[in-house]
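Chemist: Please find run-v9.csv (CSV, C-alpha atoms) on the next line:
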```csv
chain,number,residue,atom,x,y,z
A,1,MET,CA,154.2,-141.3,57.5
A,2,LYS,CA,153.6,-140.5,61.2
A,3,SER,CA,154.8,-137.1,62.5
A,4,TRP,CA,157.2,-138.6,65.1
A,5,VAL,CA,158.9,-140.6,62.3
A,6,LYS,CA,159.4,-137.4,60.3
A,7,TYR,CA,160.8,-135.5,63.4
A,8,SER,CA,163.1,-138.4,64.4
A,9,MET,CA,164.5,-138.7,60.8
A,10,ALA,CA,164.9,-134.9,60.5
A,11,ILE,CA,166.8,-134.7,63.9
A,12,GLY,CA,168.9,-137.8,63.0
A,13,ALA,CA,169.8,-136.4,59.6
A,14,ILE,CA,170.9,-133.1,61.2
A,15,LEU,CA,173.0,-135.0,63.8
A,16,VAL,CA,174.6,-137.2,61.0
A,17,ILE,CA,175.5,-134.0,59.0
A,18,ILE,CA,176.8,-132.2,62.1
A,19,GLY,CA,178.9,-135.3,63.0
A,20,LEU,CA,180.3,-135.6,59.5
A,21,VAL,CA,181.1,-131.9,59.0
A,22,TRP,CA,182.6,-131.6,62.5
A,23,SER,CA,184.9,-134.6,62.0
A,24,VAL,CA,186.0,-133.5,58.5
A,25,VAL,CA,186.7,-129.9,59.8
A,26,ALA,CA,188.6,-131.3,62.7
A,27,GLY,CA,190.8,-133.2,60.2
A,28,ASN,CA,189.9,-136.7,61.3
A,29,PRO,CA,186.8,-137.9,59.4
A,30,VAL,CA,184.4,-140.3,61.2
A,31,TRP,CA,185.1,-143.3,59.0
A,32,SER,CA,188.9,-143.0,59.5
A,33,GLU,CA,188.3,-142.6,63.2
A,34,PHE,CA,186.3,-145.8,63.3
A,35,ILE,CA,188.9,-147.7,61.2
A,36,ASP,CA,191.8,-146.4,63.3
A,37,ALA,CA,190.0,-147.3,66.5
A,38,CYS,CA,189.2,-150.8,65.3
A,39,ASN,CA,192.8,-151.3,64.0
A,40,ASP,CA,194.0,-150.5,67.5
A,41,GLY,CA,191.8,-153.2,68.8
A,42,GLY,CA,189.1,-150.9,70.3
A,43,CYS,CA,186.3,-152.7,68.5
A,44,SER,CA,187.2,-156.0,70.0
A,45,LEU,CA,184.7,-157.6,72.3
A,46,LEU,CA,187.6,-158.7,74.6
A,47,GLY,CA,188.7,-155.0,75.1
A,48,ASN,CA,191.6,-153.1,73.7
A,49,ARG,CA,194.2,-155.5,72.5
A,50,SER,CA,196.9,-152.9,72.4
A,51,ARG,CA,196.8,-152.7,76.2
A,52,TYR,CA,198.1,-156.2,76.6
B,1,MET,CA,159.2,-168.1,33.0
B,2,LYS,CA,160.8,-171.2,34.5
B,3,ASN,CA,164.3,-169.9,33.8
B,4,LYS,CA,163.4,-166.6,35.4
B,5,PHE,CA,162.1,-168.4,38.5
B,6,LEU,CA,165.4,-170.4,38.7
B,7,LEU,CA,167.4,-167.2,38.2
B,8,GLY,CA,165.4,-165.5,41.0
B,9,ILE,CA,166.2,-168.3,43.4
B,10,LEU,CA,169.9,-168.4,42.5
B,11,LEU,CA,170.1,-164.6,43.0
B,12,ALA,CA,168.3,-164.9,46.4
B,13,LEU,CA,170.8,-167.7,47.4
B,14,ALA,CA,173.6,-165.3,46.4
B,15,ILE,CA,172.9,-163.2,49.5
B,16,PRO,CA,173.7,-165.9,52.1
B,17,LEU,CA,176.5,-167.3,50.1
B,18,GLY,CA,178.1,-164.0,49.1
B,19,VAL,CA,177.8,-162.2,52.4
B,20,PRO,CA,180.2,-164.4,54.5
B,21,LEU,CA,182.8,-164.2,51.7
B,22,LEU,CA,182.5,-160.4,51.5
B,23,ILE,CA,182.7,-160.1,55.3
B,24,ILE,CA,186.0,-162.0,55.3
B,25,LEU,CA,187.3,-159.8,52.5
B,26,LEU,CA,186.1,-156.6,54.2
B,27,GLY,CA,187.6,-157.8,57.5
B,28,ILE,CA,191.0,-158.4,55.7
B,29,ILE,CA,190.8,-155.0,54.0
B,30,LEU,CA,189.8,-152.9,57.1
B,31,GLY,CA,191.3,-155.1,59.8
B,32,LEU,CA,188.1,-155.0,61.8
B,33,ALA,CA,187.9,-156.8,65.1
B,34,ALA,CA,185.1,-158.7,66.7
B,35,GLY,CA,183.1,-155.8,68.1
B,36,ALA,CA,182.7,-154.2,64.7
B,37,PHE,CA,181.4,-157.4,63.3
B,38,GLY,CA,177.8,-156.3,63.5
B,39,LEU,CA,178.5,-153.1,61.6
B,40,ALA,CA,180.5,-154.9,59.0
B,41,LEU,CA,177.9,-157.6,58.6
B,42,ALA,CA,175.1,-155.0,58.3
B,43,LEU,CA,177.0,-152.9,55.8
B,44,THR,CA,177.9,-155.9,53.7
B,45,ILE,CA,174.4,-157.3,53.7
B,46,GLY,CA,173.1,-153.9,52.8
B,47,VAL,CA,175.5,-153.4,49.8
B,48,VAL,CA,175.1,-157.0,48.5
B,49,ALA,CA,171.3,-156.8,48.9
B,50,LEU,CA,171.2,-153.4,47.1
B,51,VAL,CA,173.2,-154.7,44.1
B,52,ILE,CA,171.1,-157.9,43.9
B,53,GLY,CA,167.9,-155.8,44.3
B,54,ILE,CA,168.8,-153.5,41.4
B,55,LEU,CA,169.6,-156.5,39.2
B,56,ALA,CA,166.3,-158.2,40.3
B,57,VAL,CA,164.3,-155.1,39.4
B,58,ILE,CA,166.0,-154.8,36.0
B,59,PHE,CA,165.3,-158.4,35.2
B,60,GLY,CA,161.8,-158.3,36.8
B,61,LEU,CA,162.5,-161.1,39.3
B,62,TRP,CA,160.0,-160.4,42.1
B,63,ILE,CA,160.9,-163.2,44.4
B,64,THR,CA,164.5,-161.8,44.6
B,65,VAL,CA,163.1,-158.3,45.1
B,66,ILE,CA,161.2,-159.5,48.2
B,67,VAL,CA,164.2,-161.4,49.7
B,68,THR,CA,166.4,-158.4,49.0
B,69,ALA,CA,164.0,-155.9,50.5
B,70,PHE,CA,164.0,-158.1,53.7
B,71,SER,CA,167.8,-158.2,53.7
B,72,ILE,CA,168.1,-154.4,53.3
B,73,TRP,CA,165.6,-154.0,56.2
B,74,VAL,CA,167.7,-156.4,58.5
B,75,ALA,CA,170.8,-154.5,57.5
B,76,LEU,CA,169.2,-151.1,58.3
B,77,LEU,CA,168.2,-152.3,61.7
B,78,ALA,CA,171.6,-153.8,62.4
B,79,ILE,CA,173.4,-150.6,61.3
B,80,ALA,CA,171.0,-148.5,63.4
B,81,ILE,CA,171.7,-150.6,66.5
B,82,SER,CA,175.4,-151.4,66.2
B,83,ALA,CA,176.7,-147.9,65.0
B,84,PRO,CA,175.7,-145.9,68.1
B,85,ILE,CA,176.8,-148.8,70.5
B,86,LEU,CA,180.2,-149.0,68.8
B,87,ALA,CA,180.5,-145.1,68.7
B,88,ILE,CA,179.7,-144.7,72.4
B,89,SER,CA,182.0,-147.6,73.5
B,90,LEU,CA,184.8,-146.2,71.5
B,91,PHE,CA,184.2,-142.7,72.8
B,92,ALA,CA,184.3,-144.1,76.4
B,93,GLN,CA,187.7,-145.6,75.6
B,94,GLY,CA,188.8,-142.2,74.1
B,95,ALA,CA,189.4,-143.8,70.7
B,96,VAL,CA,187.0,-141.5,68.8
B,97,SER,CA,185.8,-137.9,69.1
B,98,PHE,CA,182.3,-136.7,70.1
B,99,ALA,CA,181.5,-136.1,66.4
B,100,ALA,CA,181.5,-139.9,65.9
B,101,VAL,CA,179.0,-140.3,68.7
B,102,LEU,CA,176.7,-137.6,67.1
B,103,PHE,CA,177.1,-139.5,63.8
B,104,GLY,CA,176.1,-142.8,65.4
B,105,LEU,CA,173.1,-141.4,67.3
B,106,GLY,CA,172.0,-139.6,64.1
B,107,LEU,CA,172.1,-143.0,62.3
B,108,LEU,CA,170.0,-144.5,65.0
B,109,LEU,CA,167.4,-141.7,64.8
B,110,VAL,CA,167.2,-142.0,61.0
B,111,LEU,CA,167.4,-145.7,60.5
B,112,VAL,CA,165.1,-147.1,63.2
B,113,PRO,CA,162.0,-145.1,62.1
B,114,LEU,CA,162.9,-145.9,58.5
B,115,ALA,CA,162.9,-149.6,59.3
B,116,LEU,CA,159.7,-149.3,61.3
B,117,GLU,CA,158.0,-147.5,58.4
B,118,PHE,CA,159.2,-150.1,56.0
B,119,CYS,CA,157.7,-152.8,58.3
B,120,ARG,CA,154.4,-150.9,58.4
B,121,VAL,CA,154.2,-150.7,54.6
B,122,VAL,CA,154.9,-154.4,54.3
B,123,VAL,CA,152.2,-155.2,56.8
B,124,ARG,CA,149.7,-153.0,54.9
B,125,PHE,CA,150.8,-154.7,51.6
B,126,PHE,CA,150.0,-158.1,53.0
B,127,ARG,CA,146.7,-156.9,54.4
B,128,GLY,CA,145.9,-155.7,50.8
B,129,SER,CA,145.6,-151.9,51.5
B,130,VAL,CA,148.7,-151.1,49.5
B,131,HIS,CA,149.4,-152.3,45.9
B,132,PHE,CA,152.7,-152.1,44.2
B,133,SER,CA,152.3,-151.7,40.5
B,134,THR,CA,154.8,-153.0,38.0
B,135,GLU,CA,153.2,-151.2,35.1
B,136,HIS,CA,155.8,-148.4,35.0
B,137,ILE,CA,158.7,-150.9,34.8
B,138,ASP,CA,156.9,-153.0,32.2
B,139,ASP,CA,156.3,-149.8,30.1
B,140,LEU,CA,160.0,-148.9,30.3
B,141,ALA,CA,161.0,-152.4,29.2
B,142,ARG,CA,158.5,-152.3,26.3
B,143,GLN,CA,159.8,-148.8,25.2
B,144,HIS,CA,163.4,-150.1,25.5
B,145,ARG,CA,162.6,-153.1,23.3
B,146,ALA,CA,160.8,-151.0,20.8
B,147,ARG,CA,163.7,-148.6,20.6
B,148,GLY,CA,166.1,-151.5,20.1
B,149,ALA,CA,163.9,-152.9,17.3
B,150,ARG,CA,163.7,-149.5,15.6
B,151,LYS,CA,167.5,-149.1,15.7
B,152,HIS,CA,168.0,-152.6,14.3
B,153,SER,CA,165.6,-151.9,11.4
B,154,SER,CA,167.2,-148.6,10.5
B,155,LYS,CA,170.6,-150.2,10.5
B,156,SER,CA,169.4,-153.0,8.1
B,157,SER,CA,167.7,-150.5,5.8
B,158,SER,CA,170.8,-148.3,5.6
B,159,ARG,CA,172.8,-151.5,4.8
B,160,GLU,CA,170.3,-152.3,2.0
B,161,SER,CA,170.5,-148.7,0.6
B,162,SER,CA,174.3,-148.8,0.5
B,163,ALA,CA,174.1,-152.2,-1.3
B,164,THR,CA,171.8,-150.8,-3.9
B,165,GLU,CA,174.1,-147.7,-4.4
B,166,ALA,CA,177.0,-150.1,-4.9
B,167,THR,CA,175.1,-152.0,-7.6
B,168,VAL,CA,174.1,-148.8,-9.4
B,169,LYS,CA,177.7,-147.6,-9.4
B,170,ALA,CA,178.9,-150.9,-10.7
B,171,LYS,CA,176.3,-150.8,-13.5
B,172,LYS,CA,177.3,-147.2,-14.4
B,173,LYS,CA,181.0,-148.3,-14.6
B,174,ALA,CA,180.1,-151.3,-16.8
B,175,GLY,CA,178.0,-149.0,-19.1
B,176,SER,CA,180.9,-146.4,-19.5
B,177,LYS,CA,183.3,-149.2,-20.5
```
What does the file become when written as structure tokens?
Modeler:
Amino acid sequence: MKSWVKYSMAIGAILVIIGLVWSVVAGNPVWSEFIDACNDGGCSLLGNRSRY
Amino acid sequence: MKNKFLLGILLALAIPLGVPLLIILLGIILGLAAGAFGLALALTIGVVALVIGILAVIFGLWITVIVTAFSIWVALLAIAISAPILAISLFAQGAVSFAAVLFGLGLLLVLVPLALEFCRVVVRFFRGSVHFSTEHIDDLARQHRARGARKHSSKSSSRESSATEATVKAKKKAGSK
């Protein structure tokens, strides 16, 4: 495995862990944030449906 | 051998047939809208491919293993690309926190090199510089079969011994009368 692959994966893993821990500590885990945002229409390609 | 080949092709077909069905189910369960389609698609392909891959390794269906590995690779790339785009666009709308952006970027940094590494290994495999050996799995299967045969023989011998004990008891009873 090349060194940049190792470094990238290590930095990525740290970011994933920080993101997960941060969101859980803040009381709104990443997965529920995504699901809530998509339920509100935020994931729609046509924009946020709840605005209309 | 022919049955295994057919089973391999059927399992490989289960990916394109099963994925749309599961996406519809996932969409209904999570209520995902169009923008999350890529992520849902990638996650579903990944999960289905992983399950089929495990089954294929257990049954030794190597065609299915190759198809599954390719599906997992596509799913990895799709997750790596769609997760940060989705996270950043949702963050811009104020729908998710910065933690979700970090999570998405982390996924990108982990999965893209992983997908590239996988691609490199496949290329080296087809060039002939890497060989995957199935000896270990074959050994495990042989050991499992041997253990099963041993259990079966011990059960039948215990059944025989109990039968002989019963006849001896019956003879003793008859003798005492």
Chemist: At most 7 Å from (177.5, -145.8, 66.2), file frame, only C-alpha atoms: which residues, as JSON, numbers by chain?
Modeler: {"B": [82, 83, 84, 85, 86, 87, 88, 101, 103, 104, 105]}
Chemist: For chain B, which of A:Pro29, A:Leu15, A:Lys6, A:Val24 is the closest residue, counting all atoms listed in the file?
Modeler: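 That would be A:Leu15, the residue with the smallest distance to chain B.
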Chemist: Sort by chain and increasing residue number a table of all residues of chain B within 10 Å of chain A, each with its closest pair of atoms and their distance in Å to one decimal, counting only C-alpha atoms, and write it as a tab-separated table.
Modeler:
```
residue	atom	partner	partner_atom	distance
B:Leu30	CA	A:Ile35	CA	6.7
B:Gly31	CA	A:Asn39	CA	5.9
B:Leu32	CA	A:Cys38	CA	5.6
B:Ala33	CA	A:Ser44	CA	5.0
B:Ala34	CA	A:Ser44	CA	4.8
B:Gly35	CA	A:Cys43	CA	4.5
B:Ala36	CA	A:Cys43	CA	5.4
B:Phe37	CA	A:Cys43	CA	8.6
B:Ala83	CA	A:Phe34	CA	10.0
B:Leu86	CA	A:Cys43	CA	7.1
B:Ala87	CA	A:Phe34	CA	8.0
B:Ser89	CA	A:Cys43	CA	8.3
B:Leu90	CA	A:Gly42	CA	6.5
B:Phe91	CA	A:Ala37	CA	9.7
B:Gln93	CA	A:Gly42	CA	7.6
B:Gly94	CA	A:Ala37	CA	9.2
B:Ala95	CA	A:Ala37	CA	5.5
B:Val96	CA	A:Glu33	CA	5.9
B:Ser97	CA	A:Ser23	CA	7.9
B:Phe98	CA	A:Gly19	CA	8.0
B:Ala99	CA	A:Gly19	CA	4.4
B:Ala100	CA	A:Val30	CA	5.5
B:Val101	CA	A:Gly19	CA	7.6
B:Leu102	CA	A:Gly19	CA	5.2
B:Phe103	CA	A:Val16	CA	4.4
B:Gly104	CA	A:Val16	CA	7.3
B:Leu105	CA	A:Gly12	CA	7.0
B:Gly106	CA	A:Gly12	CA	3.7
B:Leu107	CA	A:Gly12	CA	6.1
B:Leu108	CA	A:Gly12	CA	7.1
B:Leu109	CA	A:Gly12	CA	4.5
B:Val110	CA	A:Met9	CA	4.3
B:Leu111	CA	A:Met9	CA	7.6
B:Val112	CA	A:Met9	CA	8.8
B:Pro113	CA	A:Val5	CA	5.5
B:Leu114	CA	A:Val5	CA	7.7
B:Leu116	CA	A:Val5	CA	8.8
B:Glu117	CA	A:Met1	CA	7.3
B:Arg120	CA	A:Met1	CA	9.6
B:Val121	CA	A:Met1	CA	9.8
```
Chemist: Filtering to C-alpha atoms, could you give me those residues as a CSV table (one decimal), keeping the file's coordinate frame?
Modeler:
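Dumped to out_32.csv:
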```csv
chain,number,residue,atom,x,y,z
B,30,LEU,CA,189.8,-152.9,57.1
B,31,GLY,CA,191.3,-155.1,59.8
B,32,LEU,CA,188.1,-155.0,61.8
B,33,ALA,CA,187.9,-156.8,65.1
B,34,ALA,CA,185.1,-158.7,66.7
B,35,GLY,CA,183.1,-155.8,68.1
B,36,ALA,CA,182.7,-154.2,64.7
B,37,PHE,CA,181.4,-157.4,63.3
B,83,ALA,CA,176.7,-147.9,65.0
B,86,LEU,CA,180.2,-149.0,68.8
B,87,ALA,CA,180.5,-145.1,68.7
B,89,SER,CA,182.0,-147.6,73.5
B,90,LEU,CA,184.8,-146.2,71.5
B,91,PHE,CA,184.2,-142.7,72.8
B,93,GLN,CA,187.7,-145.6,75.6
B,94,GLY,CA,188.8,-142.2,74.1
B,95,ALA,CA,189.4,-143.8,70.7
B,96,VAL,CA,187.0,-141.5,68.8
B,97,SER,CA,185.8,-137.9,69.1
B,98,PHE,CA,182.3,-136.7,70.1
B,99,ALA,CA,181.5,-136.1,66.4
B,100,ALA,CA,181.5,-139.9,65.9
B,101,VAL,CA,179.0,-140.3,68.7
B,102,LEU,CA,176.7,-137.6,67.1
B,103,PHE,CA,177.1,-139.5,63.8
B,104,GLY,CA,176.1,-142.8,65.4
B,105,LEU,CA,173.1,-141.4,67.3
B,106,GLY,CA,172.0,-139.6,64.1
B,107,LEU,CA,172.1,-143.0,62.3
B,108,LEU,CA,170.0,-144.5,65.0
B,109,LEU,CA,167.4,-141.7,64.8
B,110,VAL,CA,167.2,-142.0,61.0
B,111,LEU,CA,167.4,-145.7,60.5
B,112,VAL,CA,165.1,-147.1,63.2
B,113,PRO,CA,162.0,-145.1,62.1
B,114,LEU,CA,162.9,-145.9,58.5
B,116,LEU,CA,159.7,-149.3,61.3
B,117,GLU,CA,158.0,-147.5,58.4
B,120,ARG,CA,154.4,-150.9,58.4
B,121,VAL,CA,154.2,-150.7,54.6
```
Chemist: So what do you get for CA of Ala49 in chain B versus CA of His144 in chain B, distance-wise?
Modeler: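 CA of His144 in chain B lies 25.6 Å from CA of Ala49 in chain B.
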Chemist: Quick one: pull the distance between CA of Thr167 in chain B and CA of Arg150 in chain B, Å, one decimal.
Modeler: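 Calculated distance between CA of Thr167 in chain B and CA of Arg150 in chain B is 26.0 Å.
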